[in-house]
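Reading through the structure tokens given below for one structure.
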Amino acid sequence: MSIPQTGGGPIESVAQLAEYLEAGCKPRDAWRIGTEHEKFGYDKATLKPIPYAGERSVLAVLQGLRQRYGWAPIFEGEHIIGLEKDGANVSLEPGGQLELSGAPLCTIHQTCDEVNEHLREVRSVADEIGVGFIGLGAAPVWTHDEMPVMPKGRYRLMTDYMDRVGTMGKTMMYRTCTVQVNLDFSSEADMVQKLRVALALQPVATALFANSPFLEGKPNGHKSWRARVWRDLDPARTGMLPFAFEDGFGFERWVDYALDVPMYFVYRDGKYIDALGQSFRDFLAGRLPALPGEVPTLSDWADHLTTIFPEARVKKFIEMRGADGGPWRRLCALPALWVGLTYDQSALDAAWDLVKDWDAETRDAWRVAASVHGLQAEVGGRKMQALAAEVVAIARSGLKARARPGLGGMVQDERHFLHALEDSVETGKAPADELLEHYHGDWNGDLSRIYAEYSY
């Protein structure tokens, strides 16, 4: 989510930065699940991406949701750039991808109901104006020049900066979509264990959810092109974070890392001020060139944390960021996977036992292999399909132990949300494999078929 953060006065000491993160610690009974997913909108008549404004547009969808379902608008200047209701937000990614940032909810039953309700609302509005939405990790046909640009100052600054620090930043911004889940921790030690498991096993999520095998109308040689894009975006703010596995890692070490990530902007009075490449450490000392003599607020710190993009990210919660956007079943499967792995201590310990002996080279090798080969990846003689089967089994045990029933007790617990992943580990096929079979089979290389057959 890229809506400006709010709350918090001037920062008077560096210690406040770690305290801000530590304030996210919650007792187990207060842990929640926040699911986010992005999707591409397109004109059904032309199969091209929809612009910000016009009869068939992002704005028309936002206005329809606002008028029909009571969402409140979020403005940047005169432009509506998001919506909010009941603790959830709808926001816009740079190329017009529509994102739901769900409310913090108690169970996967609730978060899946929220996802389904959102997709129902979006479809009811979109159908009437001739717009469709599709869940994929990367735009399968559209070129960069075909993508619209949303009227958000943050994105204008980021676009200008991306080519200075990597080769694929603009591809990430305008032509990729993800699904992620945000989860809580109880203490610094709990955060550390969860983050380490999250980082080590993100490649497994990448393989299970791989859903971006096409780019500009043809296969791109990867099961998850979105994951490939992140490897050449900006090394200062992406990656697998080997320091998180070092002795002594905790909130203060995360602060040290974040302070070394170059800034993008400062948000003041509804506008984004260019601070590209500048230092938050200088900001703390009142020496930021963009705002000389001014010191940051905790809102500035919260904004800065949203510009850091590793495979798993710490804010006042942990974000799992390794999965491609995809079909609705997998929008519910991702929170099921990570809740199962991390919200039951026995499952979390089992997941850590699985990865604790891996070194940084092994974790990076899995990351690369997952993006290229998906569930067919292999590292050091170990096959991803077998590893993923172990991971999903641990998640299943964690969900069983949670024992959170749904539908008034008619559904025993949350384990059924893993069925899509269990099918994948049994067959060795992620969504990308199915798409490639269609492309080389009944589609005869015609990727226009993907819109009718895979849209929500």
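In the structure tokens, chains take the letters A, B, ... in the order shown, each chain's residues start at 1, and ligands count up from 1 in the order shown.
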
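With only C-alpha atoms taken into account, the protein and nucleic acid residues at most 8 Å from region 47-59 of chain A (excluding it and anything under 4 positions from it in its own chain) are Phe40, Gly41, Tyr42, Asp43, Gln63, Ile80, Gly96, Leu98, Ile129, Gly130, Val131, Trp142, Glu146, Met147, Pro148, Val149, Met150, Pro151, Ser448 and Tyr451 of chain A.
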
Quick one: which region 28-141 of chain A residues come within 8 Å of region 306-329 of chain A, and what is the nearest atom pair for each with the distance in Å to one decimal, counting only C-alpha atoms, rows ordered by chain and ascending number, as CSV?
```
residue,atom,partner,partner_atom,distance
A:His37,CA,A:Gly325,CA,6.6
A:Glu38,CA,A:Gly325,CA,6.4
A:Lys39,CA,A:Gly325,CA,6.9
A:Asn116,CA,A:Trp328,CA,7.7
A:Ile134,CA,A:Gly326,CA,7.9
A:Gly135,CA,A:Gly326,CA,4.3
A:Leu136,CA,A:Gly326,CA,4.8
A:Gly137,CA,A:Asp324,CA,4.3
A:Ala138,CA,A:Asp324,CA,7.9
```

Store the residues of this selection in a file with C-alpha atoms, as a short mmCIF file (atom, residue, chain, number, x, y, z; two decimals), in the first residue's frame.
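out-v8.cif was written with the following content:
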```cif
data_model
loop_
_atom_site.label_atom_id
_atom_site.label_comp_id
_atom_site.auth_asym_id
_atom_site.auth_seq_id
_atom_site.Cartn_x
_atom_site.Cartn_y
_atom_site.Cartn_z
CA HIS A 37 -3.45 -8.13 -3.53
CA GLU A 38 -3.00 -6.29 -6.80
CA LYS A 39 -4.66 -6.89 -10.16
CA ASN A 116 -14.24 -12.32 -2.28
CA ILE A 134 -7.03 -10.26 -14.11
CA GLY A 135 -4.67 -11.66 -11.48
CA LEU A 136 -1.18 -12.32 -12.85
CA GLY A 137 2.33 -11.66 -11.62
CA ALA A 138 3.26 -9.65 -14.71
#
```

Checklist outcome for this item: Between A:Ala189, A:Leu201, A:Ala370, A:Ala386, smallest distance to Lys356 (chain A) by only C-alpha atoms belongs to A:Leu201

Checklist outcome for this item: For Leu447 (chain A), the closest of A:Val179, A:Ile74, A:Ile33, A:Ala139 counting only C-alpha atoms is A:Ala139

Next on the checklist: Considering only C-alpha atoms, can you say which of A:Asp145, A:Glu22, A:Asp349, A:Asp127 comes closest to Arg196 (chain A)?
Outcome noted: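 Between A:Asp145, A:Glu22, A:Asp349, A:Asp127, the residue approaching Arg196 (chain A) most closely is A:Asp349.
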
Checklist entry - Leaving out region 403-407 of chain A and any residue of its chain fewer than 4 positions from it, which residues lie within 12 Å of it when counting only C-alpha atoms, given as a list of chain:residue names? => result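 Once the adjacent positions are removed, what remains is A:Cys106, A:Thr107, A:Ile108, A:His109, A:Gln110, A:Thr111, A:Cys112, A:Asp113, A:Ala336, A:Val339, A:Gly340, A:Tyr343, A:Asp344, A:Arg396, A:Ser397, A:Gly398, A:Leu399, A:Val411, A:Gln412, A:Asp413, A:Glu414, A:Arg415, A:His416, A:Phe417.
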
Checklist entry - Please, what distance in Å, to one decimal, runs between CA of Glu216 (chain A) and CA of Thr167 (chain A)? => result 16.8 Å
